[in-house]
Amino acid sequence: MRSEEIEIRTGSIEVVYDLGAEIDRFLADAGAEDGLLNAWVPHATAGLAVIETGAGSDDDLLAALRDLLPADGRWRHKHGSPGHGRDHVLPALVPPYASIPVLGGELALGTWQSVCLVDTNVDNPVRRVRLSFLPG
């Protein structure tokens, strides 16, 4: 197995960040052929989604999360910016892991699918993502 932790700077806004370039580089460096890629976010306030990007779906996901998890005073978890407690609920809806088959050194994704970091926590501008390749 090969494993590497990468750093992603998400800044101070909610974001759906496409990890495609980082994953492609990781698989190439690993000399990956067939196997399984596991991505893991070791944070209590971020998740991973397989979703279309660039055609509005990423913005729609953030809008849906704002509807489901409003940044208001209802949350018992109170530290951080107002409504930050919602960020700690996010990984229950957008899990902090994803496993994707790798065939011929490339992710076996559908035409419009991308593996994305979903980060609504504006208090933490830097995220880590662990990529692990398990050869088949």
# chains A, B, ... in the order shown; residues from 1 in each chain; ligands from 1
call {"tool": "select_by_dssp", "arguments": {"residues": "region 11-54 of chain A", "states": "helix (DSSP H, G or I)", "output": "list in words"}}
result
Gly20, Ala21, Glu22, Ile23, Asp24, Arg25, Phe26, Leu27, Ala28, Asp29 and Ala30 of chain A
call {"tool": "select_by_dssp", "arguments": {"residues": "chain A", "states": "strand (DSSP E)", "output": "CSV table (one decimal) with all heavy atoms, in the first residue's frame"}}
result
chain,number,residue,atom,x,y,z
A,2,ARG,N,0.5,2.2,-0.7
A,2,ARG,CA,1.1,3.5,-0.7
A,2,ARG,C,0.2,4.6,-0.1
A,2,ARG,O,-1.0,4.5,-0.5
A,2,ARG,CB,1.6,3.9,-2.1
A,2,ARG,CG,2.2,5.3,-2.1
A,2,ARG,CD,2.9,5.6,-3.4
A,2,ARG,NE,3.4,7.0,-3.3
A,2,ARG,CZ,4.4,7.4,-4.0
A,2,ARG,NH1,5.1,6.5,-4.8
A,2,ARG,NH2,4.8,8.6,-4.0
A,3,SER,N,0.7,5.4,0.7
A,3,SER,CA,-0.2,6.4,1.4
A,3,SER,C,0.5,7.8,1.5
A,3,SER,O,1.8,7.8,1.7
A,3,SER,CB,-0.6,5.9,2.8
A,3,SER,OG,-1.6,6.8,3.3
A,4,GLU,N,-0.2,8.8,1.3
A,4,GLU,CA,0.4,10.2,1.3
A,4,GLU,C,-0.7,11.2,1.8
A,4,GLU,O,-1.8,11.1,1.5
A,4,GLU,CB,0.8,10.6,-0.1
A,4,GLU,CG,1.4,12.0,-0.2
A,4,GLU,CD,1.7,12.3,-1.6
A,4,GLU,OE1,2.3,11.4,-2.3
A,4,GLU,OE2,1.4,13.4,-2.1
A,5,GLU,N,-0.2,12.1,2.7
A,5,GLU,CA,-1.1,13.1,3.1
A,5,GLU,C,-0.8,14.4,2.3
A,5,GLU,O,0.3,14.8,2.2
A,5,GLU,CB,-1.0,13.4,4.6
A,5,GLU,CG,-2.1,14.2,5.2
A,5,GLU,CD,-2.0,14.2,6.7
A,5,GLU,OE1,-1.2,15.0,7.3
A,5,GLU,OE2,-2.7,13.4,7.3
A,6,ILE,N,-1.9,15.0,1.8
A,6,ILE,CA,-1.7,16.3,1.0
A,6,ILE,C,-2.4,17.4,1.8
A,6,ILE,O,-3.3,17.2,2.6
A,6,ILE,CB,-2.3,16.2,-0.4
A,6,ILE,CG1,-3.8,15.9,-0.4
A,6,ILE,CG2,-1.5,15.1,-1.2
A,6,ILE,CD1,-4.4,15.9,-1.7
A,7,GLU,N,-2.0,18.6,1.5
A,7,GLU,CA,-2.6,19.8,2.2
A,7,GLU,C,-3.3,20.6,1.1
A,7,GLU,O,-2.8,20.8,0.0
A,7,GLU,CB,-1.4,20.6,2.8
A,7,GLU,CG,-1.9,21.8,3.6
A,7,GLU,CD,-0.8,22.6,4.2
A,7,GLU,OE1,-0.3,22.1,5.3
A,7,GLU,OE2,-0.4,23.6,3.6
A,8,ILE,N,-4.5,21.0,1.5
A,8,ILE,CA,-5.4,21.7,0.6
A,8,ILE,C,-5.8,23.0,1.4
A,8,ILE,O,-6.2,23.0,2.5
A,8,ILE,CB,-6.7,21.0,0.3
A,8,ILE,CG1,-6.4,19.6,-0.4
A,8,ILE,CG2,-7.6,21.8,-0.6
A,8,ILE,CD1,-5.7,19.7,-1.7
A,9,ARG,N,-5.5,24.1,0.7
A,9,ARG,CA,-5.9,25.4,1.3
A,9,ARG,C,-7.3,25.8,0.7
A,9,ARG,O,-7.4,26.1,-0.4
A,9,ARG,CB,-4.9,26.5,0.9
A,9,ARG,CG,-3.5,26.2,1.5
A,9,ARG,CD,-2.6,27.4,1.5
A,9,ARG,NE,-1.4,27.0,2.2
A,9,ARG,CZ,-1.2,27.1,3.5
A,9,ARG,NH1,-2.2,27.6,4.2
A,9,ARG,NH2,0.0,26.8,4.1
A,15,VAL,N,-16.5,25.7,0.5
A,15,VAL,CA,-16.0,25.3,-0.8
A,15,VAL,C,-16.2,23.8,-1.1
A,15,VAL,O,-16.3,23.0,-0.1
A,15,VAL,CB,-14.4,25.5,-0.8
A,15,VAL,CG1,-13.7,24.7,0.2
A,15,VAL,CG2,-13.9,25.4,-2.2
A,16,VAL,N,-16.4,23.5,-2.3
A,16,VAL,CA,-16.3,22.1,-2.9
A,16,VAL,C,-15.1,22.1,-3.7
A,16,VAL,O,-15.1,22.7,-4.8
A,16,VAL,CB,-17.6,21.7,-3.7
A,16,VAL,CG1,-17.5,20.4,-4.3
A,16,VAL,CG2,-18.8,21.8,-2.8
A,17,TYR,N,-14.0,21.5,-3.3
A,17,TYR,CA,-12.7,21.5,-3.9
A,17,TYR,C,-12.5,20.2,-4.7
A,17,TYR,O,-12.4,19.2,-4.1
A,17,TYR,CB,-11.7,21.8,-2.9
A,17,TYR,CG,-10.3,21.9,-3.5
A,17,TYR,CD1,-9.7,23.1,-3.8
A,17,TYR,CD2,-9.5,20.7,-3.7
A,17,TYR,CE1,-8.4,23.2,-4.3
A,17,TYR,CE2,-8.2,20.8,-4.2
A,17,TYR,CZ,-7.7,22.0,-4.5
A,17,TYR,OH,-6.4,22.1,-5.0
A,18,ASP,N,-12.3,20.3,-6.0
A,18,ASP,CA,-12.1,19.1,-6.8
A,18,ASP,C,-10.6,18.6,-6.6
A,18,ASP,O,-9.7,19.3,-6.8
A,18,ASP,CB,-12.3,19.5,-8.3
A,18,ASP,CG,-12.2,18.3,-9.2
A,18,ASP,OD1,-11.7,17.2,-8.8
A,18,ASP,OD2,-12.8,18.4,-10.3
A,35,GLY,N,-6.5,-1.3,-8.7
A,35,GLY,CA,-6.6,-1.4,-7.3
A,35,GLY,C,-7.7,-0.5,-6.8
A,35,GLY,O,-8.7,-0.3,-7.4
A,36,LEU,N,-7.4,0.1,-5.6
A,36,LEU,CA,-8.5,0.9,-4.9
A,36,LEU,C,-7.8,2.1,-4.3
A,36,LEU,O,-6.8,2.0,-3.6
A,36,LEU,CB,-9.1,0.0,-3.8
A,36,LEU,CG,-10.3,0.6,-3.1
A,36,LEU,CD1,-11.5,0.8,-4.1
A,36,LEU,CD2,-10.7,-0.2,-1.9
A,37,LEU,N,-8.4,3.2,-4.6
A,37,LEU,CA,-8.0,4.5,-3.9
A,37,LEU,C,-8.9,4.7,-2.8
A,37,LEU,O,-10.1,4.7,-2.9
A,37,LEU,CB,-8.0,5.7,-4.9
A,37,LEU,CG,-7.7,7.0,-4.2
A,37,LEU,CD1,-6.2,7.2,-4.1
A,37,LEU,CD2,-8.5,8.2,-4.8
A,38,ASN,N,-8.3,5.0,-1.6
A,38,ASN,CA,-9.1,5.4,-0.5
A,38,ASN,C,-8.7,6.9,-0.1
A,38,ASN,O,-7.5,7.1,-0.1
A,38,ASN,CB,-8.9,4.5,0.7
A,38,ASN,CG,-9.7,5.0,1.9
A,38,ASN,OD1,-9.3,5.7,2.8
A,38,ASN,ND2,-11.0,4.6,1.9
A,39,ALA,N,-9.6,7.7,0.0
A,39,ALA,CA,-9.4,9.1,0.4
A,39,ALA,C,-10.0,9.3,1.8
A,39,ALA,O,-11.1,8.9,2.0
A,39,ALA,CB,-9.9,10.1,-0.6
A,40,TRP,N,-9.3,10.0,2.7
A,40,TRP,CA,-9.7,10.2,4.1
A,40,TRP,C,-9.4,11.6,4.5
A,40,TRP,O,-8.3,12.1,4.2
A,40,TRP,CB,-9.0,9.2,4.9
A,40,TRP,CG,-9.1,9.4,6.4
A,40,TRP,CD1,-8.1,9.9,7.2
A,40,TRP,CD2,-10.3,9.2,7.2
A,40,TRP,NE1,-8.6,10.0,8.5
A,40,TRP,CE2,-9.9,9.6,8.5
A,40,TRP,CE3,-11.6,8.8,6.9
A,40,TRP,CZ2,-10.8,9.5,9.6
A,40,TRP,CZ3,-12.5,8.7,8.0
A,40,TRP,CH2,-12.1,9.0,9.3
A,46,ALA,N,-15.2,18.4,7.9
A,46,ALA,CA,-15.1,18.3,6.5
A,46,ALA,C,-15.5,16.9,6.0
A,46,ALA,O,-15.5,16.0,6.8
A,46,ALA,CB,-13.7,18.7,6.0
A,47,GLY,N,-15.8,16.8,4.7
A,47,GLY,CA,-16.1,15.5,4.2
A,47,GLY,C,-15.7,15.4,2.7
A,47,GLY,O,-15.1,16.3,2.2
A,48,LEU,N,-16.0,14.3,2.1
A,48,LEU,CA,-15.6,14.0,0.7
A,48,LEU,C,-16.9,13.6,0.0
A,48,LEU,O,-17.7,12.8,0.5
A,48,LEU,CB,-14.6,12.9,0.6
A,48,LEU,CG,-13.2,13.2,1.2
A,48,LEU,CD1,-12.4,12.0,1.3
A,48,LEU,CD2,-12.5,14.2,0.3
A,49,ALA,N,-17.0,14.1,-1.2
A,49,ALA,CA,-18.2,13.8,-2.0
A,49,ALA,C,-17.7,13.4,-3.4
A,49,ALA,O,-16.8,14.0,-3.9
A,49,ALA,CB,-19.2,14.9,-2.1
A,50,VAL,N,-18.4,12.5,-4.1
A,50,VAL,CA,-18.2,12.2,-5.5
A,50,VAL,C,-19.4,12.9,-6.2
A,50,VAL,O,-20.6,12.5,-6.0
A,50,VAL,CB,-18.2,10.7,-5.8
A,50,VAL,CG1,-18.1,10.5,-7.3
A,50,VAL,CG2,-17.1,10.0,-5.0
A,51,ILE,N,-19.1,14.0,-6.9
A,51,ILE,CA,-20.1,14.8,-7.5
A,51,ILE,C,-19.6,15.5,-8.8
A,51,ILE,O,-18.4,15.6,-9.0
A,51,ILE,CB,-20.5,15.9,-6.4
A,51,ILE,CG1,-21.7,16.7,-6.9
A,51,ILE,CG2,-19.3,16.8,-6.1
A,51,ILE,CD1,-22.3,17.7,-5.8
A,97,TYR,N,-14.7,10.1,4.1
A,97,TYR,CA,-14.0,9.0,3.3
A,97,TYR,C,-14.7,8.7,2.0
A,97,TYR,O,-15.8,9.0,1.8
A,97,TYR,CB,-13.9,7.7,4.1
A,97,TYR,CG,-15.3,7.3,4.6
A,97,TYR,CD1,-16.0,6.5,3.7
A,97,TYR,CD2,-15.8,7.6,5.8
A,97,TYR,CE1,-17.3,6.0,4.1
A,97,TYR,CE2,-17.1,7.2,6.1
A,97,TYR,CZ,-17.8,6.4,5.3
A,97,TYR,OH,-19.1,6.0,5.6
A,98,ALA,N,-13.9,8.2,1.1
A,98,ALA,CA,-14.4,7.7,-0.2
A,98,ALA,C,-13.4,6.7,-0.7
A,98,ALA,O,-12.2,6.8,-0.6
A,98,ALA,CB,-14.5,8.9,-1.2
A,99,SER,N,-14.0,5.6,-1.3
A,99,SER,CA,-13.2,4.6,-1.9
A,99,SER,C,-13.6,4.4,-3.4
A,99,SER,O,-14.8,4.3,-3.6
A,99,SER,CB,-13.3,3.2,-1.2
A,99,SER,OG,-12.8,3.3,0.1
A,100,ILE,N,-12.6,4.5,-4.3
A,100,ILE,CA,-12.9,4.5,-5.7
A,100,ILE,C,-12.0,3.5,-6.4
A,100,ILE,O,-10.8,3.5,-6.2
A,100,ILE,CB,-12.7,5.9,-6.3
A,100,ILE,CG1,-13.6,6.9,-5.6
A,100,ILE,CG2,-13.0,5.9,-7.8
A,100,ILE,CD1,-12.8,7.7,-4.6
A,101,PRO,N,-12.6,2.6,-7.3
A,101,PRO,CA,-11.7,1.7,-8.0
A,101,PRO,C,-10.8,2.4,-8.9
A,101,PRO,O,-11.1,3.5,-9.4
A,101,PRO,CB,-12.7,0.9,-8.8
A,101,PRO,CG,-14.1,1.1,-8.2
A,101,PRO,CD,-14.0,2.4,-7.6
A,102,VAL,N,-9.6,1.8,-9.1
A,102,VAL,CA,-8.6,2.4,-10.0
A,102,VAL,C,-8.3,1.3,-11.0
A,102,VAL,O,-8.1,0.1,-10.7
A,102,VAL,CB,-7.3,2.7,-9.3
A,102,VAL,CG1,-6.2,3.1,-10.2
A,102,VAL,CG2,-7.5,3.7,-8.2
A,103,LEU,N,-8.5,1.6,-12.3
A,103,LEU,CA,-8.3,0.7,-13.4
A,103,LEU,C,-7.3,1.3,-14.4
A,103,LEU,O,-7.5,2.4,-14.9
A,103,LEU,CB,-9.6,0.4,-14.1
A,103,LEU,CG,-10.7,-0.3,-13.2
A,103,LEU,CD1,-12.0,-0.4,-14.0
A,103,LEU,CD2,-10.2,-1.6,-12.7
A,106,GLU,N,-6.1,4.8,-13.5
A,106,GLU,CA,-7.0,6.0,-13.5
A,106,GLU,C,-8.2,5.6,-12.6
A,106,GLU,O,-8.6,4.5,-12.6
A,106,GLU,CB,-7.4,6.4,-14.9
A,106,GLU,CG,-6.3,6.9,-15.7
A,106,GLU,CD,-6.8,7.3,-17.1
A,106,GLU,OE1,-8.0,7.4,-17.3
A,106,GLU,OE2,-5.9,7.7,-17.9
A,107,LEU,N,-8.8,6.6,-12.0
A,107,LEU,CA,-10.0,6.4,-11.2
A,107,LEU,C,-11.1,6.0,-12.2
A,107,LEU,O,-11.3,6.5,-13.3
A,107,LEU,CB,-10.5,7.7,-10.5
A,107,LEU,CG,-9.6,8.2,-9.4
A,107,LEU,CD1,-10.2,9.5,-8.8
A,107,LEU,CD2,-9.4,7.2,-8.3
A,114,SER,N,-16.4,13.7,-10.0
A,114,SER,CA,-15.1,14.1,-9.4
A,114,SER,C,-15.1,13.8,-7.9
A,114,SER,O,-16.2,13.8,-7.3
A,114,SER,CB,-15.0,15.6,-9.6
A,114,SER,OG,-14.9,16.0,-11.0
A,115,VAL,N,-14.0,13.6,-7.4
A,115,VAL,CA,-13.8,13.4,-5.9
A,115,VAL,C,-13.5,14.8,-5.4
A,115,VAL,O,-12.5,15.4,-5.8
A,115,VAL,CB,-12.7,12.4,-5.6
A,115,VAL,CG1,-12.6,12.2,-4.1
A,115,VAL,CG2,-13.0,11.0,-6.3
A,116,CYS,N,-14.3,15.2,-4.4
A,116,CYS,CA,-14.2,16.6,-3.9
A,116,CYS,C,-14.2,16.6,-2.4
A,116,CYS,O,-14.9,15.9,-1.7
A,116,CYS,CB,-15.4,17.4,-4.4
A,116,CYS,SG,-15.5,17.6,-6.2
A,117,LEU,N,-13.4,17.6,-1.9
A,117,LEU,CA,-13.4,17.9,-0.5
A,117,LEU,C,-14.5,18.9,-0.3
A,117,LEU,O,-14.6,19.9,-1.0
A,117,LEU,CB,-12.0,18.6,-0.2
A,117,LEU,CG,-11.9,19.2,1.2
A,117,LEU,CD1,-12.0,18.1,2.3
A,117,LEU,CD2,-10.6,20.0,1.3
A,118,VAL,N,-15.3,18.7,0.7
A,118,VAL,CA,-16.4,19.6,1.0
A,118,VAL,C,-16.1,20.2,2.4
A,118,VAL,O,-16.0,19.5,3.4
A,118,VAL,CB,-17.8,18.8,1.1
A,118,VAL,CG1,-18.9,19.8,1.4
A,118,VAL,CG2,-18.1,18.1,-0.3
A,119,ASP,N,-15.9,21.5,2.4
A,119,ASP,CA,-15.5,22.2,3.6
A,119,ASP,C,-16.4,23.4,3.8
A,119,ASP,O,-16.4,24.4,3.0
A,119,ASP,CB,-14.1,22.6,3.5
A,119,ASP,CG,-13.5,23.2,4.7
A,119,ASP,OD1,-14.2,23.2,5.8
A,119,ASP,OD2,-12.4,23.7,4.7
A,126,VAL,N,-7.0,25.5,6.2
A,126,VAL,CA,-6.0,24.5,5.7
A,126,VAL,C,-6.6,23.1,6.1
A,126,VAL,O,-6.9,22.9,7.2
A,126,VAL,CB,-4.6,24.7,6.2
A,126,VAL,CG1,-3.7,23.6,5.7
A,126,VAL,CG2,-4.1,26.1,5.9
A,127,ARG,N,-6.7,22.2,5.1
A,127,ARG,CA,-7.2,20.9,5.3
A,127,ARG,C,-6.1,19.9,4.9
A,127,ARG,O,-5.3,20.1,4.0
A,127,ARG,CB,-8.5,20.7,4.5
A,127,ARG,CG,-9.6,21.5,5.0
A,127,ARG,CD,-9.8,21.3,6.4
A,127,ARG,NE,-11.0,22.1,6.9
A,127,ARG,CZ,-11.8,21.7,7.9
A,127,ARG,NH1,-11.5,20.6,8.6
A,127,ARG,NH2,-12.8,22.4,8.2
A,128,ARG,N,-6.2,18.7,5.5
A,128,ARG,CA,-5.3,17.6,5.1
A,128,ARG,C,-6.2,16.5,4.5
A,128,ARG,O,-7.4,16.3,5.0
A,128,ARG,CB,-4.6,17.0,6.3
A,128,ARG,CG,-3.6,18.0,6.8
A,128,ARG,CD,-2.9,17.5,8.1
A,128,ARG,NE,-3.8,17.4,9.2
A,128,ARG,CZ,-4.0,16.4,9.9
A,128,ARG,NH1,-3.3,15.3,9.8
A,128,ARG,NH2,-4.9,16.3,10.9
A,129,VAL,N,-5.8,15.8,3.5
A,129,VAL,CA,-6.5,14.7,2.9
A,129,VAL,C,-5.4,13.6,2.7
A,129,VAL,O,-4.3,13.8,2.2
A,129,VAL,CB,-7.0,15.1,1.5
A,129,VAL,CG1,-7.7,13.8,0.9
A,129,VAL,CG2,-8.0,16.2,1.6
A,130,ARG,N,-5.7,12.4,3.3
A,130,ARG,CA,-4.9,11.2,3.1
A,130,ARG,C,-5.3,10.4,2.0
A,130,ARG,O,-6.5,10.0,1.9
A,130,ARG,CB,-4.8,10.4,4.4
A,130,ARG,CG,-4.0,9.1,4.2
A,130,ARG,CD,-3.4,8.5,5.4
A,130,ARG,NE,-2.6,9.4,6.1
A,130,ARG,CZ,-1.3,9.6,5.9
A,130,ARG,NH1,-0.7,9.0,4.8
A,130,ARG,NH2,-0.5,10.4,6.6
A,131,LEU,N,-4.4,10.2,1.0
A,131,LEU,CA,-4.7,9.3,-0.2
A,131,LEU,C,-3.9,8.1,0.0
A,131,LEU,O,-2.8,8.1,0.3
A,131,LEU,CB,-4.3,10.0,-1.5
A,131,LEU,CG,-4.9,11.4,-1.7
A,131,LEU,CD1,-4.3,12.0,-3.0
A,131,LEU,CD2,-6.4,11.3,-1.9
A,132,SER,N,-4.6,6.9,-0.1
A,132,SER,CA,-4.0,5.6,0.0
A,132,SER,C,-4.4,4.8,-1.2
A,132,SER,O,-5.5,4.7,-1.6
A,132,SER,CB,-4.4,4.9,1.3
A,132,SER,OG,-4.1,5.7,2.4
A,133,PHE,N,-3.4,4.1,-1.8
A,133,PHE,CA,-3.6,3.2,-3.0
A,133,PHE,C,-3.3,1.8,-2.5
A,133,PHE,O,-2.2,1.5,-2.0
A,133,PHE,CB,-2.7,3.6,-4.2
A,133,PHE,CG,-2.9,2.6,-5.3
A,133,PHE,CD1,-4.1,2.6,-6.0
A,133,PHE,CD2,-1.9,1.8,-5.6
A,133,PHE,CE1,-4.3,1.7,-7.1
A,133,PHE,CE2,-2.1,0.9,-6.7
A,133,PHE,CZ,-3.2,0.8,-7.4
A,134,LEU,N,-4.3,0.9,-2.7
A,134,LEU,CA,-4.2,-0.5,-2.4
A,134,LEU,C,-4.2,-1.2,-3.7
A,134,LEU,O,-5.2,-1.3,-4.4
A,134,LEU,CB,-5.3,-0.9,-1.5
A,134,LEU,CG,-5.4,-0.2,-0.2
A,134,LEU,CD1,-6.7,0.5,-0.1
A,134,LEU,CD2,-5.2,-1.1,0.9
A,135,PRO,N,-3.0,-1.8,-4.1
A,135,PRO,CA,-2.9,-2.5,-5.4
A,135,PRO,C,-3.8,-3.7,-5.4
A,135,PRO,O,-4.0,-4.4,-4.4
A,135,PRO,CB,-1.5,-2.9,-5.5
A,135,PRO,CG,-0.8,-2.3,-4.4
A,135,PRO,CD,-1.8,-1.8,-3.4
call {"tool": "residues_around", "arguments": {"residues": "Leu27 (chain A)", "least_positions_apart": "3", "cutoff": "8 Å", "atoms": "only C-alpha atoms", "output": "PyMOL selection string"}}
result
chain A and resi 23-24+30-32+105-106+133
call {"tool": "residues_around", "arguments": {"residues": "region 80-95 of chain A", "least_positions_apart": "2", "cutoff": "7 Å", "atoms": "only C-alpha atoms", "output": "number ranges by chain"}}
result
A: 44-49, 69-73, 75-78, 97, 120-121, 123
call {"tool": "write_last_selection", "arguments": {"atoms": "C-alpha atoms", "output": "compact mmCIF listing (two decimals), in the first residue's frame"}}
result
# COMPACT_ATOMS: atom_id res chain seq x y z
CA ALA A 44 -14.24 16.74 12.38
CA THR A 45 -15.70 19.42 10.09
CA ALA A 46 -15.10 18.32 6.48
CA GLY A 47 -16.14 15.53 4.16
CA LEU A 48 -15.63 14.00 0.73
CA ALA A 49 -18.20 13.77 -2.04
CA LEU A 69 -27.43 22.87 8.39
CA PRO A 70 -28.07 26.61 8.85
CA ALA A 71 -25.29 28.68 10.42
CA ASP A 72 -27.42 30.00 13.25
CA GLY A 73 -27.65 29.74 17.04
CA TRP A 75 -26.25 24.32 17.72
CA ARG A 76 -25.02 23.16 21.14
CA HIS A 77 -21.43 23.15 19.90
CA LYS A 78 -20.68 26.86 20.32
CA TYR A 97 -13.98 9.04 3.33
CA THR A 120 -18.06 24.53 5.22
CA ASN A 121 -15.81 25.46 8.15
CA ASP A 123 -12.53 28.97 10.65
call {"tool": "decode", "arguments": {"residues": "region 88-113 of chain A", "atoms": "N, CA and C atoms", "output": "PDB file, in the first residue's frame"}}
result
ATOM      1  N   HIS A  88     -19.676  20.602  12.510  1.00  0.00           N
ATOM      2  CA  HIS A  88     -19.378  19.336  13.173  1.00  0.00           C
ATOM      3  C   HIS A  88     -20.422  18.263  12.864  1.00  0.00           C
ATOM      4  N   VAL A  89     -21.558  18.655  12.337  1.00  0.00           N
ATOM      5  CA  VAL A  89     -22.596  17.702  11.917  1.00  0.00           C
ATOM      6  C   VAL A  89     -22.366  17.278  10.462  1.00  0.00           C
ATOM      7  N   LEU A  90     -21.707  18.117   9.693  1.00  0.00           N
ATOM      8  CA  LEU A  90     -21.473  17.862   8.260  1.00  0.00           C
ATOM      9  C   LEU A  90     -20.967  16.454   7.951  1.00  0.00           C
ATOM     10  N   PRO A  91     -19.950  15.917   8.664  1.00  0.00           N
ATOM     11  CA  PRO A  91     -19.431  14.590   8.286  1.00  0.00           C
ATOM     12  C   PRO A  91     -20.433  13.440   8.439  1.00  0.00           C
ATOM     13  N   ALA A  92     -21.535  13.674   9.164  1.00  0.00           N
ATOM     14  CA  ALA A  92     -22.578  12.656   9.232  1.00  0.00           C
ATOM     15  C   ALA A  92     -23.380  12.601   7.931  1.00  0.00           C
ATOM     16  N   LEU A  93     -23.372  13.701   7.182  1.00  0.00           N
ATOM     17  CA  LEU A  93     -24.098  13.775   5.906  1.00  0.00           C
ATOM     18  C   LEU A  93     -23.175  13.653   4.701  1.00  0.00           C
ATOM     19  N   VAL A  94     -21.985  14.201   4.809  1.00  0.00           N
ATOM     20  CA  VAL A  94     -20.960  14.110   3.770  1.00  0.00           C
ATOM     21  C   VAL A  94     -19.775  13.417   4.438  1.00  0.00           C
ATOM     22  N   PRO A  95     -19.641  12.098   4.264  1.00  0.00           N
ATOM     23  CA  PRO A  95     -18.659  11.340   5.044  1.00  0.00           C
ATOM     24  C   PRO A  95     -17.213  11.771   4.775  1.00  0.00           C
ATOM     25  N   PRO A  96     -16.343  11.541   5.752  1.00  0.00           N
ATOM     26  CA  PRO A  96     -14.945  11.943   5.605  1.00  0.00           C
ATOM     27  C   PRO A  96     -14.091  10.932   4.835  1.00  0.00           C
ATOM     28  N   TYR A  97     -14.720  10.063   4.063  1.00  0.00           N
ATOM     29  CA  TYR A  97     -13.976   9.039   3.329  1.00  0.00           C
ATOM     30  C   TYR A  97     -14.652   8.742   2.000  1.00  0.00           C
ATOM     31  N   ALA A  98     -13.862   8.220   1.072  1.00  0.00           N
ATOM     32  CA  ALA A  98     -14.378   7.737  -0.211  1.00  0.00           C
ATOM     33  C   ALA A  98     -13.419   6.674  -0.726  1.00  0.00           C
ATOM     34  N   SER A  99     -13.957   5.622  -1.301  1.00  0.00           N
ATOM     35  CA  SER A  99     -13.156   4.568  -1.929  1.00  0.00           C
ATOM     36  C   SER A  99     -13.603   4.437  -3.375  1.00  0.00           C
ATOM     37  N   ILE A 100     -12.634   4.493  -4.275  1.00  0.00           N
ATOM     38  CA  ILE A 100     -12.931   4.478  -5.711  1.00  0.00           C
ATOM     39  C   ILE A 100     -12.032   3.460  -6.396  1.00  0.00           C
ATOM     40  N   PRO A 101     -12.589   2.602  -7.262  1.00  0.00           N
ATOM     41  CA  PRO A 101     -11.743   1.674  -8.008  1.00  0.00           C
ATOM     42  C   PRO A 101     -10.769   2.423  -8.919  1.00  0.00           C
ATOM     43  N   VAL A 102      -9.592   1.839  -9.081  1.00  0.00           N
ATOM     44  CA  VAL A 102      -8.582   2.355  -9.998  1.00  0.00           C
ATOM     45  C   VAL A 102      -8.348   1.266 -11.044  1.00  0.00           C
ATOM     46  N   LEU A 103      -8.497   1.618 -12.310  1.00  0.00           N
ATOM     47  CA  LEU A 103      -8.297   0.679 -13.406  1.00  0.00           C
ATOM     48  C   LEU A 103      -7.312   1.286 -14.395  1.00  0.00           C
ATOM     49  N   GLY A 104      -6.241   0.576 -14.674  1.00  0.00           N
ATOM     50  CA  GLY A 104      -5.236   1.084 -15.604  1.00  0.00           C
ATOM     51  C   GLY A 104      -4.616   2.392 -15.141  1.00  0.00           C
ATOM     52  N   GLY A 105      -4.516   2.589 -13.844  1.00  0.00           N
ATOM     53  CA  GLY A 105      -3.889   3.781 -13.297  1.00  0.00           C
ATOM     54  C   GLY A 105      -4.788   4.992 -13.178  1.00  0.00           C
ATOM     55  N   GLU A 106      -6.067   4.848 -13.533  1.00  0.00           N
ATOM     56  CA  GLU A 106      -6.999   5.975 -13.466  1.00  0.00           C
ATOM     57  C   GLU A 106      -8.223   5.622 -12.644  1.00  0.00           C
ATOM     58  N   LEU A 107      -8.796   6.640 -11.991  1.00  0.00           N
ATOM     59  CA  LEU A 107     -10.027   6.423 -11.242  1.00  0.00           C
ATOM     60  C   LEU A 107     -11.134   5.969 -12.186  1.00  0.00           C
ATOM     61  N   ALA A 108     -11.899   4.975 -11.765  1.00  0.00           N
ATOM     62  CA  ALA A 108     -13.012   4.462 -12.568  1.00  0.00           C
ATOM     63  C   ALA A 108     -14.280   5.254 -12.223  1.00  0.00           C
ATOM     64  N   LEU A 109     -14.228   6.540 -12.523  1.00  0.00           N
ATOM     65  CA  LEU A 109     -15.359   7.428 -12.261  1.00  0.00           C
ATOM     66  C   LEU A 109     -16.254   7.512 -13.491  1.00  0.00           C
ATOM     67  N   GLY A 110     -17.494   7.929 -13.271  1.00  0.00           N
ATOM     68  CA  GLY A 110     -18.391   8.207 -14.376  1.00  0.00           C
ATOM     69  C   GLY A 110     -17.974   9.487 -15.076  1.00  0.00           C
ATOM     70  N   THR A 111     -18.584   9.757 -16.218  1.00  0.00           N
ATOM     71  CA  THR A 111     -18.196  10.874 -17.075  1.00  0.00           C
ATOM     72  C   THR A 111     -18.101  12.198 -16.329  1.00  0.00           C
ATOM     73  N   TRP A 112     -19.064  12.511 -15.491  1.00  0.00           N
ATOM     74  CA  TRP A 112     -19.101  13.825 -14.861  1.00  0.00           C
ATOM     75  C   TRP A 112     -18.696  13.791 -13.387  1.00  0.00           C
ATOM     76  N   GLN A 113     -18.236  12.665 -12.890  1.00  0.00           N
ATOM     77  CA  GLN A 113     -17.919  12.553 -11.470  1.00  0.00           C
ATOM     78  C   GLN A 113     -16.520  13.051 -11.138  1.00  0.00           C
TER      79      GLN A 113
END
